[in-house]
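See below for run_24.pdb, which holds PDB, C-alpha atoms.
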ATOM      1  CA  LEU A   1     102.076  84.808  70.801
ATOM      2  CA  PRO A   2     102.507  81.009  70.517
ATOM      3  CA  LYS A   3     101.342  80.506  66.898
ATOM      4  CA  GLU A   4     103.916  82.979  65.632
ATOM      5  CA  ASN A   5     106.594  82.231  68.253
ATOM      6  CA  LEU A   6     106.505  85.890  69.235
ATOM      7  CA  LEU A   7     107.758  87.035  72.630
ATOM      8  CA  VAL A   8     106.782  90.443  74.036
ATOM      9  CA  VAL A   9     108.996  92.057  76.686
ATOM     10  CA  GLU A  10     108.542  95.270  78.663
ATOM     11  CA  ARG A  11     111.834  97.121  79.215
ATOM     12  CA  ARG A  12     112.622 100.227  81.267
ATOM     13  CA  GLY A  13     115.588 102.468  81.879
ATOM     14  CA  GLY A  14     116.628 106.099  82.181
ATOM     15  CA  GLY A  15     113.060 107.316  82.660
ATOM     16  CA  GLU A  16     111.894 105.615  79.448
ATOM     17  CA  SER A  17     109.794 102.528  78.701
ATOM     18  CA  TRP A  18     109.553 100.440  75.572
ATOM     19  CA  VAL A  19     108.211  97.106  74.387
ATOM     20  CA  GLN A  20     110.409  94.673  72.451
ATOM     21  CA  PHE A  21     109.179  92.018  70.020
ATOM     22  CA  TRP A  22     111.338  88.922  69.693
ATOM     23  CA  ARG A  23     110.925  86.087  67.199
ATOM     24  CA  VAL A  24     111.808  82.801  68.890
ATOM     25  CA  ASP A  25     112.977  79.660  67.100
ATOM     26  CA  PRO A  26     112.236  76.749  69.487
ATOM     27  CA  ALA A  27     114.057  74.225  67.298
ATOM     28  CA  MET A  28     117.277  76.247  67.430
ATOM     29  CA  GLY A  29     116.837  77.417  71.002
ATOM     30  CA  SER A  30     117.446  80.980  69.907
ATOM     31  CA  GLY A  31     115.668  84.203  69.006
ATOM     32  CA  GLY A  32     116.142  87.546  67.334
ATOM     33  CA  LEU A  33     114.906  91.037  68.066
ATOM     34  CA  LEU A  34     112.352  92.041  65.415
ATOM     35  CA  SER A  35     111.490  95.556  66.541
ATOM     36  CA  HIS A  36     110.675  97.724  69.510
ATOM     37  CA  THR A  37     108.255 100.521  70.206
ATOM     38  CA  SER A  38     108.503 103.234  72.859
ATOM     39  CA  VAL A  39     105.575 103.595  75.258
ATOM     40  CA  SER A  40     104.712 106.286  77.761
ATOM     41  CA  PHE A  41     106.702 105.974  80.959
ATOM     42  CA  ASN A  42     104.933 104.679  84.065
ATOM     43  CA  PRO A  43     106.537 104.702  87.553
ATOM     44  CA  GLY A  44     106.132 100.930  87.974
ATOM     45  CA  TYR A  45     106.352  97.787  85.904
ATOM     46  CA  ALA A  46     103.101  96.629  84.337
ATOM     47  CA  LEU A  47     101.162  93.945  86.205
ATOM     48  CA  GLY A  48      99.916  92.547  82.894
ATOM     49  CA  ILE A  49     100.915  92.620  79.232
ATOM     50  CA  GLU A  50      99.020  91.122  76.271
ATOM     51  CA  ILE A  51      99.484  91.185  72.499
ATOM     52  CA  SER A  52      96.453  91.065  70.212
ATOM     53  CA  ALA A  53      95.830  87.907  68.190
ATOM     54  CA  ASP A  54      96.710  89.686  64.938
ATOM     55  CA  SER A  55      99.878  91.204  66.460
ATOM     56  CA  SER A  56      98.593  94.703  65.684
ATOM     57  CA  ALA A  57      98.649  96.091  69.228
ATOM     58  CA  VAL A  58     100.034  95.449  72.671
ATOM     59  CA  SER A  59      98.195  96.240  75.911
ATOM     60  CA  LEU A  60      99.828  97.048  79.241
ATOM     61  CA  LEU A  61      98.071  97.351  82.605
ATOM     62  CA  TRP A  62      99.384  98.927  85.824
ATOM     63  CA  GLY A  63      98.386  98.645  89.465
ATOM     64  CA  ASN A  64      96.991 102.186  89.588
ATOM     65  CA  GLY A  65      94.356 101.346  86.948
ATOM     66  CA  ASP A  66      96.234 102.800  83.968
ATOM     67  CA  ILE A  67      95.858 100.872  80.699
ATOM     68  CA  LEU A  68      97.923 101.608  77.610
ATOM     69  CA  TYR A  69      97.268 100.383  74.063
ATOM     70  CA  SER A  70     100.211 100.774  71.710
ATOM     71  CA  ALA A  71      99.750 100.069  67.998
ATOM     72  CA  VAL A  72     102.393  98.093  66.151
ATOM     73  CA  PRO A  73     104.447  99.241  64.346
ATOM     74  CA  ASP A  74     103.551 102.968  64.237
ATOM     75  CA  GLY A  75     103.635 103.285  68.043
ATOM     76  CA  SER A  76     100.446 105.364  68.333
ATOM     77  CA  GLU A  77      98.964 105.177  71.823
ATOM     78  CA  ARG A  78      95.630 105.313  73.551
ATOM     79  CA  ARG A  79      95.265 105.504  77.303
ATOM     80  CA  LEU A  80      92.477 104.520  79.656
ATOM     81  CA  HIS A  81      92.260 104.883  83.418
ATOM     82  CA  LEU A  82      90.061 102.619  85.521
ATOM     83  CA  PRO A  83      88.805 104.099  88.829
ATOM     84  CA  LEU A  84      90.149 101.628  91.387
ATOM     85  CA  SER A  85      89.320 102.087  95.071
ATOM     86  CA  ALA A  86      92.860 100.968  96.024
ATOM     87  CA  PRO A  87      96.079 100.030  94.204
ATOM     88  CA  ALA A  88      96.132  96.571  92.607
ATOM     89  CA  SER A  89      98.624  93.927  93.674
ATOM     90  CA  LEU A  90      97.666  91.437  90.934
ATOM     91  CA  ALA A  91      96.133  91.690  87.478
ATOM     92  CA  ALA A  92      95.349  89.354  84.594
ATOM     93  CA  PHE A  93      94.239  90.033  80.992
ATOM     94  CA  THR A  94      91.984  87.916  78.836
ATOM     95  CA  ASP A  95      93.807  86.936  75.642
ATOM     96  CA  THR A  96      91.940  89.644  73.719
ATOM     97  CA  GLY A  97      93.269  92.337  76.039
ATOM     98  CA  MET A  98      89.717  93.715  76.314
ATOM     99  CA  GLN A  99      88.972  92.527  79.861
ATOM    100  CA  ALA A 100      91.026  92.203  82.995
ATOM    101  CA  ALA A 101      90.762  91.101  86.584
ATOM    102  CA  PHE A 102      92.327  92.957  89.515
ATOM    103  CA  ALA A 103      93.107  91.980  93.087
ATOM    104  CA  LEU A 104      93.313  95.173  95.160
ATOM    105  CA  LEU A 105      95.250  95.862  98.336
ATOM    106  CA  ASN A 106      91.921  96.377 100.129
ATOM    107  CA  ASP A 107      91.128  92.723  99.295
ATOM    108  CA  LYS A 108      88.544  93.468  96.601
ATOM    109  CA  LEU A 109      88.401  91.314  93.468
ATOM    110  CA  LEU A 110      87.333  93.267  90.370
ATOM    111  CA  LEU A 111      86.435  92.527  86.755
ATOM    112  CA  ALA A 112      86.873  95.314  84.197
ATOM    113  CA  GLY A 113      85.894  95.640  80.543
ATOM    114  CA  PHE A 114      87.193  98.252  78.101
ATOM    115  CA  SER A 115      88.140  98.927  74.491
ATOM    116  CA  PRO A 116      91.169 100.558  72.810
ATOM    117  CA  ASP A 117      89.095 103.540  71.629
ATOM    118  CA  GLY A 118      88.599 104.603  75.241
ATOM    119  CA  GLY A 119      85.120 103.141  75.508
ATOM    120  CA  GLY A 120      83.942 100.945  78.342
ATOM    121  CA  GLY A 121      86.014 101.120  81.479
ATOM    122  CA  LEU A 122      83.244  99.363  83.414
ATOM    123  CA  VAL A 123      84.538  98.029  86.734
ATOM    124  CA  GLN A 124      82.494  95.472  88.652
ATOM    125  CA  GLU A 125      83.241  93.891  92.021
ATOM    126  CA  LEU A 126      83.227  90.099  92.204
ATOM    127  CA  GLY A 127      83.862  89.726  95.905
ATOM    128  CA  LYS A 128      86.106  90.646  98.805
ATOM    129  CA  SER A 129      88.909  88.162  99.324
ATOM    130  CA  LYS A 130      92.679  88.370  99.538
ATOM    131  CA  ALA A 131      93.940  86.827  96.277
ATOM    132  CA  ALA A 132      97.329  85.211  95.743
ATOM    133  CA  ALA A 133      97.023  84.560  91.977
ATOM    134  CA  LEU A 134      94.665  85.216  89.045
ATOM    135  CA  ALA A 135      94.236  83.417  85.715
ATOM    136  CA  PHE A 136      91.686  83.479  82.883
ATOM    137  CA  SER A 137      90.734  80.356  80.954
ATOM    138  CA  PRO A 138      91.968  80.419  77.327
ATOM    139  CA  ASP A 139      88.506  81.289  75.971
ATOM    140  CA  GLY A 140      88.122  84.049  78.567
ATOM    141  CA  SER A 141      84.905  82.594  79.972
ATOM    142  CA  LEU A 142      86.259  81.714  83.428
ATOM    143  CA  LEU A 143      88.413  83.508  85.987
ATOM    144  CA  ALA A 144      90.301  81.481  88.575
ATOM    145  CA  ALA A 145      91.340  83.315  91.738
ATOM    146  CA  ALA A 146      93.594  81.551  94.243
ATOM    147  CA  LEU A 147      92.966  83.005  97.689
ATOM    148  CA  GLU A 148      95.158  83.139 100.755
ATOM    149  CA  ASN A 149      92.589  81.034 102.668
ATOM    150  CA  LEU A 150      93.773  78.041 100.550
ATOM    151  CA  THR A 151      90.851  77.962  98.138
ATOM    152  CA  VAL A 152      90.510  78.630  94.406
ATOM    153  CA  GLN A 153      87.353  80.414  93.298
ATOM    154  CA  ILE A 154      86.093  79.857  89.727
ATOM    155  CA  TRP A 155      84.037  82.800  88.415
ATOM    156  CA  ARG A 156      81.973  82.872  85.224
ATOM    157  CA  LYS A 157      82.833  86.098  83.425
ATOM    158  CA  GLU A 158      79.556  86.421  81.512
ATOM    159  CA  ASP A 159      77.287  86.810  84.553
ATOM    160  CA  ARG A 160      80.005  87.342  87.212
ATOM    161  CA  SER A 161      78.756  84.345  89.206
ATOM    162  CA  LEU A 162      80.846  82.154  91.492
ATOM    163  CA  VAL A 163      80.438  78.676  89.994
ATOM    164  CA  GLN A 164      82.880  76.588  92.025
ATOM    165  CA  THR A 165      85.286  76.669  94.970
ATOM    166  CA  LEU A 166      88.280  74.314  95.040
ATOM    167  CA  GLU A 167      90.578  73.552  97.979
ATOM    168  CA  LEU A 168      94.361  73.850  98.005
ATOM    169  CA  PRO A 169      96.600  71.632 100.159
ATOM    170  CA  ALA A 170      99.119  74.427 100.771
ATOM    171  CA  PRO A 171      99.860  78.053  99.788
ATOM    172  CA  LEU A 172     100.880  78.739  96.181
ATOM    173  CA  SER A 173     104.582  78.929  95.417
ATOM    174  CA  ASP A 174     104.203  82.376  93.767
ATOM    175  CA  SER A 175     101.692  84.777  92.214
ATOM    176  CA  ARG A 176     101.902  83.138  88.747
ATOM    177  CA  ALA A 177     101.359  79.585  89.961
ATOM    178  CA  LEU A 178      97.822  79.175  88.561
ATOM    179  CA  LEU A 179      97.464  77.766  85.034
ATOM    180  CA  PHE A 180      94.724  76.581  82.661
ATOM    181  CA  SER A 181      95.579  74.157  79.869
ATOM    182  CA  ALA A 182      95.095  75.541  76.347
ATOM    183  CA  ASP A 183      91.877  73.570  75.878
ATOM    184  CA  GLY A 184      90.511  74.579  79.299
ATOM    185  CA  GLY A 185      90.185  70.919  80.280
ATOM    186  CA  TRP A 186      92.747  71.144  83.094
ATOM    187  CA  LEU A 187      93.482  73.621  85.860
ATOM    188  CA  ALA A 188      96.790  73.424  87.726
ATOM    189  CA  ALA A 189      98.031  75.137  90.880
ATOM    190  CA  ARG A 190     101.672  74.977  91.896
ATOM    191  CA  THR A 191     101.758  74.830  95.694
ATOM    192  CA  ARG A 192     104.575  74.463  98.190
ATOM    193  CA  LEU A 193     103.719  70.748  98.435
ATOM    194  CA  GLY A 194     103.561  70.129  94.684
ATOM    195  CA  VAL A 195     101.312  70.707  91.679
ATOM    196  CA  VAL A 196      97.588  70.067  92.084
ATOM    197  CA  LEU A 197      95.513  69.155  88.997
ATOM    198  CA  TRP A 198      91.765  69.410  88.415
ATOM    199  CA  SER A 199      90.121  67.964  85.290
ATOM    200  CA  ARG A 200      86.953  69.213  83.592
ATOM    201  CA  ASP A 201      84.564  67.231  81.402
ATOM    202  CA  ALA A 202      84.149  67.979  77.701
ATOM    203  CA  ALA A 203      80.694  69.474  78.279
ATOM    204  CA  GLY A 204      82.272  72.325  80.239
ATOM    205  CA  GLY A 205      80.996  71.318  83.665
ATOM    206  CA  GLU A 206      82.714  71.727  86.996
ATOM    207  CA  TYR A 207      86.290  70.738  87.739
ATOM    208  CA  GLY A 208      86.475  67.387  89.546
ATOM    209  CA  ASP A 209      88.293  66.178  92.637
ATOM    210  CA  PRO A 210      91.924  67.288  92.826
ATOM    211  CA  VAL A 211      94.841  65.006  92.110
ATOM    212  CA  MET A 212      98.436  65.682  92.993
ATOM    213  CA  PRO A 213     100.737  63.562  90.839
ATOM    214  CA  PHE A 214     103.553  66.077  90.394
ATOM    215  CA  ARG A 215     106.232  67.124  92.823
ATOM    216  CA  ALA A 216     107.416  69.973  90.672
ATOM    217  CA  ASN A 217     108.440  73.611  90.637
ATOM    218  CA  CYS A 218     107.203  74.312  87.080
ATOM    219  CA  LEU A 219     104.553  72.851  84.785
ATOM    220  CA  ALA A 220     103.373  73.183  81.170
ATOM    221  CA  PHE A 221     100.509  71.658  79.165
ATOM    222  CA  SER A 222     100.528  70.642  75.512
ATOM    223  CA  ALA A 223      98.051  72.478  73.267
ATOM    224  CA  ASP A 224      95.524  69.631  73.309
ATOM    225  CA  GLY A 225      95.855  69.006  77.058
ATOM    226  CA  SER A 226      97.027  65.417  76.578
ATOM    227  CA  LEU A 227     100.571  65.937  77.902
ATOM    228  CA  ALA A 228     102.062  67.699  80.902
ATOM    229  CA  ALA A 229     105.731  68.450  81.464
ATOM    230  CA  ALA A 230     106.955  69.033  85.006
ATOM    231  CA  CYS A 231     110.287  70.215  86.379
ATOM    232  CA  ASP A 232     111.115  67.731  89.117
ATOM    233  CA  PRO A 233     113.659  69.191  91.558
ATOM    234  CA  GLY A 234     114.633  65.623  92.529
ATOM    235  CA  TYR A 235     117.029  64.699  95.273
ATOM    236  CA  GLY A 236     120.201  65.858  93.613
ATOM    237  CA  ALA A 237     119.972  65.705  89.810
ATOM    238  CA  LYS A 238     117.141  67.800  88.373
ATOM    239  CA  GLN A 239     114.951  66.425  85.616
ATOM    240  CA  ILE A 240     111.911  67.062  83.399
ATOM    241  CA  ASN A 241     109.144  64.492  83.621
ATOM    242  CA  LEU A 242     106.758  64.134  80.664
ATOM    243  CA  TYR A 243     103.330  62.707  81.572
ATOM    244  CA  GLN A 244     100.479  61.367  79.439
ATOM    245  CA  LEU A 245      97.219  62.687  80.936
ATOM    246  CA  THR A 246      94.009  60.720  80.597
ATOM    247  CA  LYS A 247      90.389  61.271  81.593
ATOM    248  CA  THR A 248      87.475  58.952  82.152
ATOM    249  CA  GLU A 249      84.352  59.094  79.965
ATOM    250  CA  ALA A 250      82.773  61.275  82.646
ATOM    251  CA  GLY A 251      85.657  63.735  82.310
ATOM    252  CA  LYS A 252      87.286  62.835  85.630
ATOM    253  CA  PHE A 253      91.016  62.390  86.074
ATOM    254  CA  GLY A 254      92.043  59.021  84.684
ATOM    255  CA  GLY A 255      95.755  59.035  85.355
ATOM    256  CA  ALA A 256      99.140  60.557  84.674
ATOM    257  CA  ARG A 257     101.557  58.055  83.123
ATOM    258  CA  LEU A 258     105.241  58.942  83.065
ATOM    259  CA  VAL A 259     106.365  58.496  79.450
ATOM    260  CA  LYS A 260     109.771  60.186  79.384
ATOM    261  CA  THR A 261     112.397  61.722  81.641
ATOM    262  CA  LEU A 262     114.977  64.285  80.523
ATOM    263  CA  PRO A 263     117.892  65.874  82.388
ATOM    264  CA  SER A 264     117.404  69.539  83.200
ATOM    265  CA  ALA A 265     119.082  72.441  84.933
ATOM    266  CA  GLY A 266     115.681  73.709  86.115
ATOM    267  CA  GLY A 267     113.918  76.883  84.978
ATOM    268  CA  SER A 268     110.704  77.188  82.956
ATOM    269  CA  LEU A 269     108.874  74.968  80.461
ATOM    270  CA  ALA A 270     106.746  75.497  77.343
ATOM    271  CA  PHE A 271     105.347  73.297  74.573
ATOM    272  CA  SER A 272     105.463  74.312  70.940
ATOM    273  CA  PRO A 273     101.963  75.011  69.497
ATOM    274  CA  ASP A 274     101.893  71.654  67.681
TER     275      ASP A 274
END
In structure tokens, what does this structure look like?
Amino acid sequence: LPKENLLVVERRGGGESWVQFWRVDPAMGSGGLLSHTSVSFNPGYALGIEISADSSAVSLLWGNGDILYSAVPDGSERRLHLPLSAPASLAAFTDTGMQAAFALLNDKLLLAGFSPDGGGGLVQELGKSKAAALAFSPDGSLLAAALENLTVQIWRKEDRSLVQTLELPAPLSDSRALLFSADGGWLAARTRLGVVLWSRDAAGGEYGDPVMPFRANCLAFSADGSLAAACDPGYGAKQINLYQLTKTEAGKFGGARLVKTLPSAGGSLAFSPD
């Protein structure tokens, strides 16, 4: 949970599962375990995990359609099972934990809505395509699905309509290589040829023509979408490149200006909330 620097981790061992809550101090580069709560054991790791905005509950979602809500800190649980026609290989939560998208092994793409009290559980099919990655926009209004045919489909959650199809230059580097900026103004896809960026105008229209300024194996956006940090594998020494992102008045990509370079051993990146 970025505003509170809270990290949620699913742990398993000895036939038991539990969720740990860590408080992270970015300035010190350290963290401390706050608490943990046991959750019902499931044979596999969760495909998705989300903590509520008020930190009162954590939601976990498995490939067989099982959903678990665990209250913090009393550990009380509520379970919900979604009737999936095949096991899921990918899943993504909205930030409320009340809706999720699934990519099934039979190539179906589903959208599901539910509530912690066991209500809902409505599952609706969006289409039939083999997905490689899923991501919701920060406000939960859009679902991006990267497909193995080298396209990215943008779906509007409200009416389940396909609003845009974007093209990828190469396959994604992994199943978590699709990312919206916090303001929804940028969409990034990390491919085997580099990171592709699409910009969106302030009126919430379509994403524009792709640009590919980053040769990187990881990427992060600042909260306001004005900066991007990229891990550049380089030709020997690894480094982090910090870019200033600009848009035109029409909301199209205006440029990515390199403003700072830092040495790095690789790994992952994240901006602080401010």
So what does the PyMOL selection byres ((chain A and resi 127-130) around 7) actually pick up in this one, as an mmCIF file with C-alpha atoms, in the coordinates of the input?
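Saved to result_14.cif:
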data_model
loop_
_atom_site.group_PDB
_atom_site.id
_atom_site.type_symbol
_atom_site.label_atom_id
_atom_site.label_comp_id
_atom_site.auth_asym_id
_atom_site.auth_seq_id
_atom_site.Cartn_x
_atom_site.Cartn_y
_atom_site.Cartn_z
ATOM 1 C CA ASP A 107 91.128 92.723 99.295
ATOM 2 C CA LYS A 108 88.544 93.468 96.601
ATOM 3 C CA LEU A 109 88.401 91.314 93.468
ATOM 4 C CA GLU A 125 83.241 93.891 92.021
ATOM 5 C CA LEU A 126 83.227 90.099 92.204
ATOM 6 C CA ALA A 131 93.940 86.827 96.277
ATOM 7 C CA ALA A 132 97.329 85.211 95.743
ATOM 8 C CA LEU A 147 92.966 83.005 97.689
ATOM 9 C CA GLU A 148 95.158 83.139 100.755
#
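Atom CA of A:Pro138 is found 22.7 Å from atom CA of A:Ser70.
Using all atoms listed in the file for every distance, the candidate list A:Gly15, A:Gly205, A:Gly63, A:Gly185 yields A:Gly63 as the residue closest to A:Leu105.
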Matched chain/residue IDs from the PyMOL selection byres ((chain A and resi 48) around 12), as a ChimeraX atom specification: /A:8-10,44-47,49-51,58-63,65-68,88-95,97,99-102,134-135,176
Check which residues satisfy the PyMOL selection byres ((chain A and resi 17) around 8) in the file shown, then give them as number ranges by chain. A: 10-13, 15-16, 18-19, 38-42
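The residue that comes closest to A:Arg156, out of A:Ala228, A:Val195, A:Leu172, A:Leu111 and on the basis of only C-alpha atoms, is A:Leu111.
Here the question is which of A:Ala256, A:Asn64, A:Leu269, A:Lys238 gets nearest to A:Pro43 using all atoms listed in the file, and that residue is A:Asn64.
Pairwise distance (atom CA of A:Arg190, atom CA of A:Ala177) equals 5.0 Å.
In terms of minimum interatomic distance to A:Ala223, A:Ala270 ranks closest within A:Leu162, A:Ala270, A:Ile240, A:Leu258, counting only C-alpha atoms.
You will find atom CA of A:Leu187 at 27.8 Å from atom CA of A:Leu122.
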So, counting all atoms listed in the file, which residue among A:Gly184, A:Gly113, A:Pro263, A:Gly254 is closest to A:Glu206? A:Gly184
Is it possible to get the axis-aligned box enclosing stretch 143-147 of chain A (all listed atoms, 5 Å extra per side) as JSON, with centre and edge lengths in Å rounded to one decimal?
{"center_x": 91.0, "center_y": 82.5, "center_z": 91.8, "size_x": 15.2, "size_y": 12.0, "size_z": 21.7}
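Of the residues under consideration (A:Ala230, A:Leu197, A:Ala103, A:Leu245), A:Ala230 shows the shortest atom-to-atom contact distance to A:Leu262 when counting all atoms listed in the file.
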Using all atoms listed in the file - which residues lie no farther than 12 Å from the point (91.1, 64.0, 82.7) in the file's frame? Write them as a VMD selection string. chain A and resid 181 183 to 187 197 to 202 207 to 211 224 to 228 244 to 256
Applying 7 Å and only C-alpha atoms, which residues near A:Glu167 remain after dropping the ones on its own chain fewer than 6 positions away? List them as a ChimeraX atom specification. /A:150-152
Using only C-alpha atoms, determine which residues lie at most 10 Å from A:Thr191, disregarding the query and same-chain residues fewer than 6 positions distant; provide the list as a ChimeraX atom specification. /A:150,168-174,177-178,215-217
How would the residues just picked look written out with C-alpha atoms as a PDB file, in the frame of the given file?
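Saved result, again-v8.pdb, follows:
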ATOM      1  CA  LEU A 150      93.773  78.041 100.550  1.00  0.00           C
ATOM      2  CA  LEU A 168      94.361  73.850  98.005  1.00  0.00           C
ATOM      3  CA  PRO A 169      96.600  71.632 100.159  1.00  0.00           C
ATOM      4  CA  ALA A 170      99.119  74.427 100.771  1.00  0.00           C
ATOM      5  CA  PRO A 171      99.860  78.053  99.788  1.00  0.00           C
ATOM      6  CA  LEU A 172     100.880  78.739  96.181  1.00  0.00           C
ATOM      7  CA  SER A 173     104.582  78.929  95.417  1.00  0.00           C
ATOM      8  CA  ASP A 174     104.203  82.376  93.767  1.00  0.00           C
ATOM      9  CA  ALA A 177     101.359  79.585  89.961  1.00  0.00           C
ATOM     10  CA  LEU A 178      97.822  79.175  88.561  1.00  0.00           C
ATOM     11  CA  ARG A 215     106.232  67.124  92.823  1.00  0.00           C
ATOM     12  CA  ALA A 216     107.416  69.973  90.672  1.00  0.00           C
ATOM     13  CA  ASN A 217     108.440  73.611  90.637  1.00  0.00           C
TER      14      ASN A 217
END
Save stretch 185-197 of chain A to disk from that block, C-alpha atoms included, as a PDB file, in the first residue's frame.
ATOM      1  CA  GLY A 185      -1.819   8.696 -18.580  1.00  0.00           C
ATOM      2  CA  TRP A 186       0.795   6.140 -19.659  1.00  0.00           C
ATOM      3  CA  LEU A 187       0.756   2.444 -20.474  1.00  0.00           C
ATOM      4  CA  ALA A 188       4.037   0.531 -20.673  1.00  0.00           C
ATOM      5  CA  ALA A 189       4.868  -2.958 -21.922  1.00  0.00           C
ATOM      6  CA  ARG A 190       8.260  -4.511 -21.289  1.00  0.00           C
ATOM      7  CA  THR A 191       9.109  -6.607 -24.346  1.00  0.00           C
ATOM      8  CA  ARG A 192      12.165  -8.605 -25.325  1.00  0.00           C
ATOM      9  CA  LEU A 193      13.250  -5.659 -27.502  1.00  0.00           C
ATOM     10  CA  GLY A 194      12.715  -2.986 -24.849  1.00  0.00           C
ATOM     11  CA  VAL A 195       9.951  -1.026 -23.135  1.00  0.00           C
ATOM     12  CA  VAL A 196       7.134   0.345 -25.286  1.00  0.00           C
ATOM     13  CA  LEU A 197       5.215   3.435 -24.087  1.00  0.00           C
TER      14      LEU A 197
END
